[in-house]
$ cat entry-v8.cif   # mmCIF, C-alpha atoms
data_upload
loop_
_atom_site.label_atom_id
_atom_site.label_comp_id
_atom_site.auth_asym_id
_atom_site.auth_seq_id
_atom_site.Cartn_x
_atom_site.Cartn_y
_atom_site.Cartn_z
CA MET A 26 -18.60 -15.30 -9.79
CA LEU A 27 -18.38 -11.70 -10.95
CA ASP A 28 -20.66 -10.24 -13.58
CA PRO A 29 -18.80 -10.25 -16.94
CA THR A 30 -19.54 -6.56 -17.42
CA LEU A 31 -17.92 -5.69 -14.09
CA SER A 32 -14.95 -7.97 -14.84
CA GLY A 33 -14.43 -6.24 -18.16
CA GLU A 34 -14.54 -2.84 -16.49
CA LEU A 35 -11.87 -3.90 -13.99
CA ASP A 36 -9.56 -4.60 -16.93
CA THR A 37 -9.56 -0.88 -17.79
CA VAL A 38 -7.41 -0.08 -14.74
CA PRO A 39 -3.85 0.67 -15.91
CA ARG A 40 -0.60 -0.21 -14.18
CA TYR A 41 0.79 2.14 -11.53
CA ASP A 42 4.24 2.32 -9.97
CA ARG A 43 3.39 4.80 -7.19
CA PHE A 44 0.56 6.63 -5.50
CA ALA A 45 -0.62 10.03 -6.71
CA THR A 46 0.09 13.27 -4.86
CA VAL A 47 -2.61 15.82 -4.08
CA ASP A 48 -1.42 18.02 -6.94
CA GLU A 49 -1.48 15.12 -9.39
CA VAL A 50 -5.04 14.14 -8.46
CA HIS A 51 -6.26 17.73 -8.78
CA GLU A 52 -4.44 18.20 -12.10
CA SER A 53 -6.07 15.06 -13.49
CA LEU A 54 -9.57 16.15 -12.46
CA THR A 55 -8.96 19.62 -13.88
CA ALA A 56 -7.83 18.12 -17.19
CA LEU A 57 -10.92 15.88 -17.37
CA ALA A 58 -13.22 18.86 -16.83
CA ALA A 59 -11.45 20.75 -19.61
CA ALA A 60 -11.62 17.78 -22.00
CA HIS A 61 -15.33 17.04 -21.36
CA PRO A 62 -17.06 20.44 -20.97
CA GLY A 63 -20.51 19.11 -21.77
CA THR A 64 -20.26 16.20 -19.37
CA ALA A 65 -18.09 17.17 -16.41
CA THR A 66 -18.00 20.26 -14.21
CA LEU A 67 -15.23 21.06 -11.74
CA ARG A 68 -15.91 23.26 -8.75
CA ARG A 69 -14.32 24.25 -5.49
CA MET A 70 -16.42 22.62 -2.77
CA GLY A 71 -14.46 23.98 0.18
CA THR A 72 -11.11 25.05 1.60
CA SER A 73 -8.76 23.22 3.94
CA ARG A 74 -7.50 24.72 7.18
CA LEU A 75 -4.24 25.68 5.46
CA GLY A 76 -6.04 27.28 2.51
CA GLU A 77 -5.91 24.35 0.06
CA PRO A 78 -8.80 24.24 -2.46
CA MET A 79 -10.97 21.13 -2.22
CA LEU A 80 -12.12 20.11 -5.70
CA CYS A 81 -15.22 18.19 -6.74
CA LEU A 82 -15.81 16.93 -10.28
CA THR A 83 -19.49 16.37 -11.13
CA VAL A 84 -20.18 13.99 -14.02
CA GLY A 85 -23.56 13.26 -15.61
CA GLU A 86 -27.12 14.36 -14.98
CA GLY A 87 -28.84 11.29 -13.55
CA ARG A 88 -31.74 11.43 -11.12
CA ASN A 89 -29.74 9.63 -8.40
CA HIS A 90 -26.64 11.11 -6.81
CA ALA A 91 -23.44 9.33 -5.81
CA ILE A 92 -20.53 10.73 -3.79
CA VAL A 93 -17.08 9.15 -4.12
CA ALA A 94 -14.46 10.92 -2.01
CA ALA A 95 -10.74 10.17 -1.74
CA GLY A 96 -8.40 10.97 1.12
CA PRO A 97 -10.63 10.83 4.23
CA HIS A 98 -7.51 9.70 6.11
CA PRO A 99 -4.28 11.12 4.73
CA ASN A 100 -2.24 7.90 5.01
CA GLU A 101 -4.70 6.11 2.71
CA PRO A 102 -3.83 7.21 -0.86
CA ILE A 103 -5.28 4.36 -2.95
CA GLY A 104 -8.45 6.41 -3.40
CA GLY A 105 -6.60 9.21 -5.17
CA LEU A 106 -5.85 6.93 -8.10
CA THR A 107 -9.30 5.35 -7.89
CA VAL A 108 -11.21 8.63 -8.24
CA VAL A 109 -9.09 9.71 -11.20
CA HIS A 110 -9.72 6.42 -13.01
CA LEU A 111 -13.41 6.42 -12.09
CA ALA A 112 -13.86 10.00 -13.27
CA GLY A 113 -12.11 9.26 -16.56
CA ARG A 114 -14.27 6.21 -17.26
CA LEU A 115 -17.47 8.08 -16.35
CA CYS A 116 -16.57 10.89 -18.72
CA ALA A 117 -15.80 8.44 -21.52
CA ASP A 118 -18.74 6.04 -21.14
CA PRO A 119 -22.32 7.37 -20.76
CA ASP A 120 -23.64 3.87 -20.05
CA LEU A 121 -21.33 3.58 -17.03
CA ARG A 122 -22.86 6.68 -15.48
CA GLY A 123 -26.19 4.87 -15.30
CA SER A 124 -28.95 6.75 -13.48
CA TYR A 125 -26.47 8.83 -11.47
CA THR A 126 -25.03 12.26 -11.18
CA TRP A 127 -21.56 11.47 -9.83
CA HIS A 128 -19.71 13.79 -7.44
CA ILE A 129 -16.00 12.90 -7.36
CA VAL A 130 -13.96 14.52 -4.56
CA GLY A 131 -10.21 14.59 -5.20
CA CYS A 132 -9.03 14.72 -1.57
CA LEU A 133 -10.88 15.35 1.69
CA ASP A 134 -7.70 16.09 3.69
CA PRO A 135 -5.16 17.71 1.36
CA ASP A 136 -3.12 19.21 4.23
CA GLY A 137 -2.63 15.86 5.93
CA THR A 138 -2.10 13.96 2.69
CA ARG A 139 0.85 16.18 1.81
CA LEU A 140 2.48 15.08 5.08
CA ASN A 141 2.40 11.47 3.84
CA GLU A 142 3.68 12.04 0.32
CA GLY A 143 7.23 11.15 1.39
CA TRP A 144 6.40 7.43 1.10
CA PHE A 145 4.00 7.53 -1.91
CA ALA A 146 6.74 6.63 -4.40
CA GLY A 147 8.25 3.88 -2.22
CA PRO A 148 10.17 1.93 -1.25
CA TYR A 149 7.13 0.15 0.18
CA THR A 150 8.68 -1.17 3.35
CA LYS A 151 7.03 -0.84 6.74
CA ALA A 152 10.01 1.14 8.03
CA HIS A 153 9.84 3.70 5.20
CA TYR A 154 6.08 3.94 5.57
CA GLY A 155 6.30 4.47 9.32
CA ARG A 156 9.01 7.14 9.13
CA HIS A 157 6.92 9.20 6.68
CA PHE A 158 3.55 8.45 8.27
CA TYR A 159 1.02 11.00 9.46
CA ARG A 160 -2.48 10.53 10.86
CA PRO A 161 -4.26 13.53 12.42
CA ALA A 162 -5.40 13.65 16.02
CA GLY A 163 -8.97 12.44 16.45
CA ALA A 164 -10.53 15.90 16.50
CA GLU A 165 -8.69 16.75 13.25
CA GLN A 166 -9.86 13.79 11.16
CA VAL A 167 -12.37 14.66 8.45
CA GLU A 168 -14.13 11.31 8.74
CA TRP A 169 -14.67 11.55 12.51
CA THR A 170 -15.60 15.19 13.06
CA PHE A 171 -19.27 15.30 12.12
CA PRO A 172 -21.55 16.61 14.91
CA PHE A 173 -22.19 14.07 17.65
CA SER A 174 -24.18 14.05 20.87
CA TYR A 175 -24.69 10.95 23.01
CA LYS A 176 -24.94 10.57 26.78
CA ARG A 177 -21.98 12.54 28.20
CA ALA A 178 -20.24 12.96 24.83
CA TYR A 179 -20.74 16.08 22.75
CA PHE A 180 -18.81 17.22 19.68
CA ASP A 181 -19.44 20.21 17.45
CA ARG A 182 -15.93 21.36 16.47
CA VAL A 183 -16.62 20.70 12.80
CA MET A 184 -13.59 21.41 10.61
CA PRO A 185 -13.82 23.28 7.29
CA GLU A 186 -13.06 20.06 5.38
CA THR A 187 -15.79 18.19 7.21
CA LEU A 188 -18.22 21.05 6.63
CA ALA A 189 -17.49 20.89 2.90
CA LEU A 190 -18.38 17.19 2.78
CA MET A 191 -21.42 17.79 4.98
CA ARG A 192 -22.69 20.45 2.56
CA LEU A 193 -22.19 18.10 -0.37
CA ILE A 194 -24.17 15.35 1.38
CA ASP A 195 -26.97 17.71 2.39
CA THR A 196 -27.19 19.25 -1.09
CA THR A 197 -27.22 16.01 -3.07
CA ARG A 198 -28.90 13.58 -0.62
CA PRO A 199 -27.01 10.73 -2.28
CA ALA A 200 -28.41 7.28 -2.96
CA PHE A 201 -24.84 5.95 -2.67
CA MET A 202 -21.70 7.25 -0.97
CA THR A 203 -18.23 5.93 -0.31
CA THR A 204 -15.21 7.55 1.30
CA LEU A 205 -12.15 5.70 0.03
CA HIS A 206 -10.26 4.25 2.97
CA ASN A 207 -7.70 1.47 3.06
CA SER A 208 -5.89 -0.66 5.63
CA GLU A 209 -2.22 -1.71 5.91
CA LEU A 210 -1.68 -5.45 6.34
CA GLY A 211 -3.84 -8.57 6.08
CA GLY A 212 -6.90 -9.25 3.95
CA VAL A 213 -9.69 -7.33 2.28
CA PHE A 214 -12.84 -6.36 4.18
CA TYR A 215 -15.78 -3.99 3.84
CA TYR A 216 -18.11 -1.76 5.83
CA LEU A 217 -21.76 -1.28 4.89
CA SER A 218 -24.26 1.05 6.53
CA ARG A 219 -26.86 -1.75 6.41
CA PRO A 220 -26.92 -5.45 5.50
CA GLU A 221 -27.20 -5.98 1.75
CA PRO A 222 -26.68 -9.73 1.06
CA ALA A 223 -26.67 -9.45 -2.73
CA LEU A 224 -24.05 -6.69 -2.68
CA GLN A 225 -22.01 -8.51 -0.04
CA ALA A 226 -21.73 -11.53 -2.34
CA VAL A 227 -20.24 -9.36 -5.10
CA LEU A 228 -17.87 -7.55 -2.77
CA THR A 229 -16.45 -10.72 -1.22
CA ALA A 230 -15.92 -12.24 -4.68
CA LEU A 231 -13.79 -9.31 -5.89
CA PRO A 232 -10.53 -10.04 -3.98
CA GLY A 233 -10.30 -13.57 -5.36
CA ARG A 234 -9.83 -12.14 -8.84
CA TYR A 235 -6.42 -10.92 -7.67
CA GLY A 236 -5.54 -13.80 -5.36
CA LEU A 237 -6.13 -11.76 -2.20
CA PRO A 238 -7.58 -13.23 0.99
CA LEU A 239 -10.61 -11.94 2.81
CA HIS A 240 -10.04 -10.66 6.33
CA ALA A 241 -11.13 -13.24 8.91
CA GLY A 242 -9.26 -11.76 11.88
CA GLU A 243 -10.20 -9.14 14.43
CA PRO A 244 -12.51 -6.21 13.62
CA GLU A 245 -10.93 -2.79 14.02
CA HIS A 246 -12.83 -2.36 17.31
CA PRO A 247 -14.59 -4.96 19.49
CA ALA A 248 -17.84 -2.97 19.27
CA ILE A 249 -18.06 -3.43 15.49
CA THR A 250 -20.67 -5.94 14.25
CA ARG A 251 -19.81 -8.55 11.62
CA ILE A 252 -22.72 -9.10 9.21
CA GLY A 253 -21.06 -11.57 6.85
CA GLU A 254 -17.75 -12.93 5.70
CA ALA A 255 -15.31 -9.97 5.78
CA VAL A 256 -18.23 -7.51 5.92
CA PHE A 257 -19.03 -5.34 8.95
CA LEU A 258 -21.63 -2.76 9.83
CA SER A 259 -20.18 0.74 9.63
CA PRO A 260 -18.74 1.78 13.01
CA ARG A 261 -20.98 3.98 15.14
CA MET A 262 -19.58 6.19 17.86
CA GLU A 263 -22.58 5.30 20.03
CA ASP A 264 -21.51 1.65 19.98
CA VAL A 265 -17.93 2.54 20.91
CA TYR A 266 -19.25 4.64 23.78
CA ASP A 267 -21.52 1.87 25.13
CA TYR A 268 -18.85 -0.80 24.79
CA THR A 269 -16.24 1.27 26.63
CA GLU A 270 -18.72 2.26 29.32
CA ALA A 271 -19.64 -1.40 29.89
CA LEU A 272 -15.97 -2.15 30.61
CA GLY A 273 -16.03 0.42 33.39
CA GLN A 274 -13.91 2.96 31.50
CA ASP A 275 -14.71 6.60 30.81
CA PRO A 276 -15.66 6.70 27.10
CA THR A 277 -15.27 10.44 26.62
CA PRO A 278 -11.49 10.47 25.96
CA LEU A 279 -12.07 8.07 23.06
CA ILE A 280 -14.94 9.97 21.48
CA THR A 281 -14.64 12.74 18.92
CA GLY A 282 -17.38 13.21 16.34
CA ALA A 283 -19.50 11.00 14.12
CA ALA A 284 -18.56 9.66 10.69
CA SER A 285 -19.85 10.74 7.29
CA ASP A 286 -22.11 7.69 6.95
CA SER A 287 -23.86 8.61 10.19
CA HIS A 288 -24.66 12.02 8.73
CA ALA A 289 -25.85 10.53 5.43
CA ALA A 290 -28.14 8.05 7.21
CA ARG A 291 -30.88 10.70 7.43
CA TYR A 292 -31.23 10.47 3.65
CA GLY A 293 -31.36 6.67 3.48
CA THR A 294 -27.97 6.63 1.73
CA LEU A 295 -26.27 3.27 1.18
CA CYS A 296 -22.71 3.85 2.40
CA MET A 297 -19.85 1.48 1.68
CA ILE A 298 -16.15 1.40 2.53
CA ALA A 299 -13.76 -1.04 0.88
CA GLU A 300 -10.65 -1.69 2.98
CA MET A 301 -7.65 -3.31 1.33
CA PRO A 302 -4.04 -3.53 2.58
CA TYR A 303 -0.71 -2.55 1.09
CA TRP A 304 0.89 -5.80 2.27
CA ILE A 305 -0.77 -9.18 1.85
CA ASP A 306 -0.96 -11.63 4.75
CA PRO A 307 -1.70 -15.15 3.44
CA THR A 308 -3.08 -16.15 6.86
CA ALA A 309 -5.61 -13.27 6.97
CA GLY A 310 -8.45 -15.58 5.96
CA ASP A 311 -7.32 -18.67 7.87
CA THR A 312 -9.89 -19.67 10.51
CA THR A 313 -7.99 -22.78 11.60
CA PRO A 314 -7.88 -23.02 15.42
CA THR A 315 -4.42 -22.65 16.96
CA ALA A 316 -2.97 -23.89 20.24
CA HIS A 317 -3.31 -20.36 21.66
CA VAL A 318 -6.18 -19.41 23.97
CA TYR A 319 -7.91 -16.29 22.70
CA ALA A 320 -7.90 -14.66 26.14
CA ASP A 321 -4.11 -15.09 26.31
CA LEU A 322 -3.86 -13.42 22.91
CA VAL A 323 -5.84 -10.43 24.16
CA ARG A 324 -3.64 -10.16 27.28
CA ALA A 325 -0.45 -10.42 25.25
CA GLN A 326 -1.56 -7.66 22.91
CA ALA A 327 -2.51 -5.48 25.87
CA ALA A 328 0.94 -6.02 27.37
CA ASP A 329 2.66 -5.08 24.09
CA LEU A 330 0.55 -1.94 23.76
CA ARG A 331 1.31 -1.04 27.37
CA SER A 332 5.05 -1.42 26.72
CA ALA A 333 4.86 0.77 23.62
CA HIS A 334 2.95 3.38 25.58
CA VAL A 335 5.62 3.49 28.29
CA VAL A 336 8.36 4.15 25.74
CA LEU A 337 6.46 6.78 23.77
CA ASP A 338 4.93 8.47 26.82
CA GLU A 339 8.35 8.84 28.43
CA ALA A 340 9.67 10.65 25.34
CA LEU A 341 6.54 12.78 24.91
CA ASN A 342 6.46 13.88 28.55
CA GLY A 343 10.22 14.25 28.66
CA VAL A 344 10.16 17.03 26.07
CA ALA A 345 6.85 18.61 27.15
CA GLY A 346 8.54 21.66 28.67
CA ASP A 347 10.82 22.24 25.69
CA VAL A 348 8.72 21.90 22.53
CA VAL A 349 7.51 25.14 20.96
CA SER A 350 6.15 24.35 17.48
CA GLY A 351 2.68 22.90 18.15
CA SER A 352 3.14 20.88 14.94
CA PRO A 353 0.48 18.46 13.66
CA PHE A 354 2.88 15.64 14.58
CA LEU A 355 2.91 16.81 18.19
CA ARG A 356 -0.86 17.19 18.28
CA ALA A 357 -1.26 13.69 16.87
CA SER A 358 1.24 12.27 19.37
CA ARG A 359 -0.61 13.87 22.27
CA HIS A 360 -3.80 12.24 21.04
CA PHE A 361 -2.67 8.74 20.08
CA ILE A 362 -0.04 7.90 22.69
CA PRO A 363 -2.48 8.11 25.65
CA LEU A 364 -4.92 5.97 23.62
CA LEU A 365 -2.38 3.12 23.68
CA ALA A 366 -2.79 2.98 27.44
CA GLU A 367 -6.59 3.12 27.12
CA MET A 368 -6.51 0.24 24.63
CA ALA A 369 -4.24 -1.79 26.88
CA THR A 370 -6.61 -1.30 29.80
CA ALA A 371 -9.61 -2.30 27.68
CA GLY A 372 -7.81 -5.47 26.59
CA GLU A 373 -6.87 -6.38 30.13
CA GLN A 374 -10.47 -5.96 31.25
CA ARG A 375 -12.10 -7.90 28.43
CA ALA A 376 -9.64 -10.81 28.42
CA GLY A 377 -11.39 -12.48 31.34
CA ALA A 378 -14.80 -12.70 29.68
CA PRO A 379 -16.03 -16.33 29.53
CA GLU A 380 -16.43 -16.30 25.74
CA ASN A 381 -12.69 -15.62 25.36
CA ALA A 382 -11.64 -18.96 26.84
CA ARG A 383 -11.70 -20.51 23.36
CA GLN A 384 -8.94 -21.31 20.92
CA ALA A 385 -7.77 -18.42 18.77
CA THR A 386 -7.73 -18.78 15.01
CA THR A 387 -4.68 -18.31 12.83
CA ALA A 388 -6.20 -15.14 11.36
CA GLU A 389 -6.81 -13.68 14.83
CA LEU A 390 -3.25 -14.45 15.83
CA SER A 391 -1.78 -12.70 12.80
CA SER A 392 -4.12 -9.69 12.93
CA ARG A 393 -3.36 -9.04 16.60
CA ARG A 394 0.37 -9.30 15.99
CA GLY A 395 0.09 -6.99 12.99
CA LEU A 396 -1.81 -4.38 14.97
CA VAL A 397 0.95 -4.05 17.57
CA HIS A 398 3.60 -3.60 14.88
CA SER A 399 1.42 -1.07 13.07
CA TYR A 400 0.78 1.09 16.13
CA ARG A 401 4.42 1.12 17.22
CA LEU A 402 5.59 2.21 13.77
CA ARG A 403 2.77 4.71 13.25
CA PHE A 404 2.92 6.52 16.56
CA GLY A 405 6.65 6.17 17.05
CA GLY A 406 7.24 7.55 13.56
CA MET A 407 5.04 10.58 14.17
CA LEU A 408 6.74 11.39 17.47
CA LEU A 409 10.15 11.15 15.79
CA ARG A 410 8.94 13.55 13.09
CA ALA A 411 7.72 15.90 15.82
CA LEU A 412 11.11 15.91 17.57
CA GLU A 413 13.01 16.24 14.31
CA GLY A 414 10.78 19.21 13.47
CA GLU A 415 11.79 20.92 16.72
CA VAL A 416 15.46 20.41 15.89
CA ALA A 417 14.88 21.68 12.34
CA ILE A 418 13.55 25.02 13.60
CA GLY A 419 16.54 25.44 15.92
CA ASN A 420 14.92 24.14 19.09
CA GLY A 421 17.30 21.25 19.64
CA THR A 422 17.48 21.46 23.43
CA PRO A 423 19.51 18.82 25.28
CA SER A 424 16.27 17.10 26.35
CA ILE A 425 14.84 17.01 22.84
CA ARG A 426 18.08 15.70 21.35
CA ARG A 427 18.44 13.07 24.08
CA HIS A 428 14.91 11.74 23.65
CA LEU A 429 15.19 11.87 19.87
CA SER A 430 18.33 9.74 19.99
CA ALA A 431 16.88 7.19 22.42
CA LEU A 432 13.58 6.87 20.57
CA SER A 433 15.37 6.53 17.23
CA GLU A 434 17.28 3.55 18.57
CA THR A 435 14.13 1.87 19.88
CA TYR A 436 12.27 2.68 16.69
CA ASP A 437 14.92 0.95 14.59
CA GLU A 438 14.36 -2.16 16.69
CA TRP A 439 10.59 -1.90 16.20
CA CYS A 440 11.09 -1.58 12.44
CA ALA A 441 13.29 -4.67 12.35
CA ASP A 442 10.71 -6.59 14.39
CA ALA A 443 7.91 -5.52 12.05
CA GLU A 444 9.81 -6.42 8.89
CA ALA A 445 10.79 -9.82 10.32
CA GLY A 446 7.52 -10.58 12.10
CA THR A 447 4.93 -9.71 9.44
CA PRO A 448 4.60 -10.55 5.72
CA SER A 449 6.30 -8.09 3.39
CA GLN A 450 4.77 -8.92 -0.02
CA THR A 451 3.29 -5.73 -1.44
CA ILE A 452 0.12 -5.90 -3.50
CA PRO A 453 0.39 -4.33 -6.99
CA ILE A 454 -1.11 -0.87 -6.82
CA GLU A 455 -3.30 -1.48 -9.87
CA HIS A 456 -4.92 -4.43 -8.08
CA LEU A 457 -5.78 -2.20 -5.12
CA VAL A 458 -7.24 0.46 -7.39
CA ALA A 459 -9.22 -2.15 -9.34
CA LEU A 460 -10.67 -3.56 -6.12
CA GLN A 461 -11.82 -0.13 -4.95
CA TYR A 462 -13.09 0.74 -8.41
CA GLY A 463 -15.05 -2.50 -8.68
CA ALA A 464 -16.52 -2.06 -5.21
CA VAL A 465 -17.66 1.48 -6.09
CA LEU A 466 -19.37 0.34 -9.29
CA ALA A 467 -20.99 -2.63 -7.56
CA GLY A 468 -22.20 -0.53 -4.63
CA ALA A 469 -23.63 2.21 -6.84
CA ALA A 470 -25.40 -0.28 -9.11
CA HIS A 471 -26.91 -2.04 -6.12
CA ALA A 472 -28.13 1.22 -4.54
CA ALA A 473 -29.73 2.30 -7.81
CA ARG A 474 -31.70 -0.95 -7.93
#
$ encode --input "entry-v8.cif" --output "structure tokens"
Amino acid sequence: MLDPTLSGELDTVPRYDRFATVDEVHESLTALAAAHPGTATLRRMGTSRLGEPMLCLTVGEGRNHAIVAAGPHPNEPIGGLTVVHLAGRLCADPDLRGSYTWHIVGCLDPDGTRLNEGWFAGPYTKAHYGRHFYRPAGAEQVEWTFPFSYKRAYFDRVMPETLALMRLIDTTRPAFMTTLHNSELGGVFYYLSRPEPALQAVLTALPGRYGLPLHAGEPEHPAITRIGEAVFLSPRMEDVYDYTEALGQDPTPLITGAASDSHAARYGTLCMIAEMPYWIDPTAGDTTPTAHVYADLVRAQAADLRSAHVVLDEALNGVAGDVVSGSPFLRASRHFIPLLAEMATAGEQRAGAPENARQATTAELSSRRGLVHSYRLRFGGMLLRALEGEVAIGNGTPSIRRHLSALSETYDEWCADAEAGTPSQTIPIEHLVALQYGAVLAGAAHAAR
């Protein structure tokens, strides 16, 4: 059961009919700073690679520091609305600020977020989402480009956006930090930088307030440790490296940098991520055994990923000698499409492990099916945008036009499969914002104690 004070605070979240753009988030934070000059201060904490100002609103003067940052991945816009609502409530209510000085970051990747804004106002179908989707290549993601050195992996190509967040962490040494991510389909789950049973109980109670299931399916990577119902330890690149190496694969193609919580660990910061989907899957929390053997499920997913890789790799390689733009969509395609083959190989190798000869649960079945649909629409959509971009700048060679036409036809089939094969009920945006908002307040309160 949720604390009545927290429940009452969740009721302050208004209704929303769309996600906020980068400009709208920044305008809201600017207006709050102007309206509360004695309480809130707005500053430029950094600059994106394309010259976009990165804004941070600081509220309060408490002895503890908290960082709440939206937009670590540009296809995850729930946090933009969450930080605006959080900042407004902190400005209005001194008691809510508690013992904290709050640092509210409007968007960690403004350049990438602008490339997703085509779907922010809907319609919220998987096809529309996929055709306007953008996720940066691994070495261009703010969340995964902190310095990292482990065994044969080394990364120090820190981006300006990452450096801005790093400076904020080092300057404030926060007691609590969250970067506001979200997922796509399924149930709600969380990452914590360390086990915190009391906080976990609050977090797992939040989704029930809105009739949403907890995620009981697959973790985002097999190396991730589950520490409770729908709660996982924050992913560590060292664990991904060791897991991949144990399978006999070369880990270095999969490794970029570390995440923000790894950097904040030196200060004892409690880091939390609340992941909630756009589309609800009623089976996401169903642990009922099915007639399917788990190993067969892993092999089937590997086969589907392998098939998607063949299609996308053929198009990507087929235009390699013709493309001239070097667009972010091309860079992302060159990063993610080979990873489909790596993931397929990893699945094929791990399927034979003795522990996988068990029955799969309903939640595992649905989460594996959803992942295949998600990757086909994500990576296929970005490659289509890359090819369309070449045509738009007058580089519509016969090869580019041929591959664009063929991939468009296949992509339409993938979209139809995804719409028919996965649940399509969208979660009200205000429920998603309230969940993130409640998780932030609960995490900060727990860290302060």
$ residues_around --input "entry-v8.cif" --residues "Arg394 of chain A" --least-positions-apart "3" --cutoff "9 Å" --atoms "only C-alpha atoms" --output "PyMOL selection string"
chain A and resi 326+389-391+397-399+446-447
$ resolve_selection --input "entry-v8.cif" --expression "the PyMOL selection byres ((chain A and resi 350) around 10)" --output "list of chain:residue names"
A:Asp347, A:Val348, A:Val349, A:Gly351, A:Ser352, A:Pro353, A:Phe354, A:Leu355, A:Ala411, A:Leu412, A:Gly414, A:Glu415, A:Ile418, A:Asn420
$ residues_near_point --input "entry-v8.cif" --point "(5.2, 8.0, 22.3)" --cutoff "6 Å" --atoms "all atoms listed in the file" --output "list of chain:residue names"
A:Leu337, A:Asp338, A:Leu341, A:Ile362, A:Gly405
$ closest_residue --input "entry-v8.cif" --among "A:Ala241, A:Leu396, A:Pro199, A:His428" --to "Asp311 of chain A" --atoms "only C-alpha atoms"
A:Ala241
$ resolve_selection --input "entry-v8.cif" --expression "the PyMOL selection byres ((chain A and resi 453-462) around 9)" --output "PyMOL selection string"
chain A and resi 34-44+103-104+106-108+110-111+205+228+231-232+235+298-303+451-452+463-467
$ resolve_selection --input "entry-v8.cif" --expression "the PyMOL selection byres ((chain A and resi 151) around 12)" --output "ChimeraX atom specification"
/A:144,147-150,152-158,209-210,303-304,395,398-403,406,436-437,439-451
$ write_last_selection --input "entry-v8.cif" --atoms "C-alpha atoms" --output "PDB file, in the frame of the given file"
ATOM      1  CA  TRP A 144       6.400   7.430   1.100  1.00  0.00           C
ATOM      2  CA  GLY A 147       8.250   3.880  -2.220  1.00  0.00           C
ATOM      3  CA  PRO A 148      10.170   1.930  -1.250  1.00  0.00           C
ATOM      4  CA  TYR A 149       7.130   0.150   0.180  1.00  0.00           C
ATOM      5  CA  THR A 150       8.680  -1.170   3.350  1.00  0.00           C
ATOM      6  CA  ALA A 152      10.010   1.140   8.030  1.00  0.00           C
ATOM      7  CA  HIS A 153       9.840   3.700   5.200  1.00  0.00           C
ATOM      8  CA  TYR A 154       6.080   3.940   5.570  1.00  0.00           C
ATOM      9  CA  GLY A 155       6.300   4.470   9.320  1.00  0.00           C
ATOM     10  CA  ARG A 156       9.010   7.140   9.130  1.00  0.00           C
ATOM     11  CA  HIS A 157       6.920   9.200   6.680  1.00  0.00           C
ATOM     12  CA  PHE A 158       3.550   8.450   8.270  1.00  0.00           C
ATOM     13  CA  GLU A 209      -2.220  -1.710   5.910  1.00  0.00           C
ATOM     14  CA  LEU A 210      -1.680  -5.450   6.340  1.00  0.00           C
ATOM     15  CA  TYR A 303      -0.710  -2.550   1.090  1.00  0.00           C
ATOM     16  CA  TRP A 304       0.890  -5.800   2.270  1.00  0.00           C
ATOM     17  CA  GLY A 395       0.090  -6.990  12.990  1.00  0.00           C
ATOM     18  CA  HIS A 398       3.600  -3.600  14.880  1.00  0.00           C
ATOM     19  CA  SER A 399       1.420  -1.070  13.070  1.00  0.00           C
ATOM     20  CA  TYR A 400       0.780   1.090  16.130  1.00  0.00           C
ATOM     21  CA  ARG A 401       4.420   1.120  17.220  1.00  0.00           C
ATOM     22  CA  LEU A 402       5.590   2.210  13.770  1.00  0.00           C
ATOM     23  CA  ARG A 403       2.770   4.710  13.250  1.00  0.00           C
ATOM     24  CA  GLY A 406       7.240   7.550  13.560  1.00  0.00           C
ATOM     25  CA  TYR A 436      12.270   2.680  16.690  1.00  0.00           C
ATOM     26  CA  ASP A 437      14.920   0.950  14.590  1.00  0.00           C
ATOM     27  CA  TRP A 439      10.590  -1.900  16.200  1.00  0.00           C
ATOM     28  CA  CYS A 440      11.090  -1.580  12.440  1.00  0.00           C
ATOM     29  CA  ALA A 441      13.290  -4.670  12.350  1.00  0.00           C
ATOM     30  CA  ASP A 442      10.710  -6.590  14.390  1.00  0.00           C
ATOM     31  CA  ALA A 443       7.910  -5.520  12.050  1.00  0.00           C
ATOM     32  CA  GLU A 444       9.810  -6.420   8.890  1.00  0.00           C
ATOM     33  CA  ALA A 445      10.790  -9.820  10.320  1.00  0.00           C
ATOM     34  CA  GLY A 446       7.520 -10.580  12.100  1.00  0.00           C
ATOM     35  CA  THR A 447       4.930  -9.710   9.440  1.00  0.00           C
ATOM     36  CA  PRO A 448       4.600 -10.550   5.720  1.00  0.00           C
ATOM     37  CA  SER A 449       6.300  -8.090   3.390  1.00  0.00           C
ATOM     38  CA  GLN A 450       4.770  -8.920  -0.020  1.00  0.00           C
ATOM     39  CA  THR A 451       3.290  -5.730  -1.440  1.00  0.00           C
TER      40      THR A 451
END
$ closest_residue --input "entry-v8.cif" --among "A:Leu80, A:Met407, A:Cys296, A:Ala146" --to "Ser358 of chain A" --atoms "only C-alpha atoms"
A:Met407
$ closest_residue --input "entry-v8.cif" --among "A:Pro99, A:Pro247, A:Gly123, A:Gly282" --to "Pro172 of chain A" --atoms "only C-alpha atoms"
A:Gly282
$ atom_distance --input "entry-v8.cif" --atom1 "atom CA of Arg474 of chain A" --atom2 "atom CA of Thr294 of chain A"
12.8 Å
$ closest_residue --input "entry-v8.cif" --among "A:Val323, A:Ala178, A:Ala223, A:Ala369" --to "Pro278 of chain A" --atoms "all atoms listed in the file"
A:Ala178
$ atom_distance --input "entry-v8.cif" --atom1 "atom CA of Leu295 of chain A" --atom2 "atom CA of Pro220 of chain A"
9.8 Å
$ closest_residue --input "entry-v8.cif" --among "A:Val183, A:Leu75, A:Leu217, A:Ala226" --to "Thr250 of chain A" --atoms "all atoms listed in the file"
A:Leu217
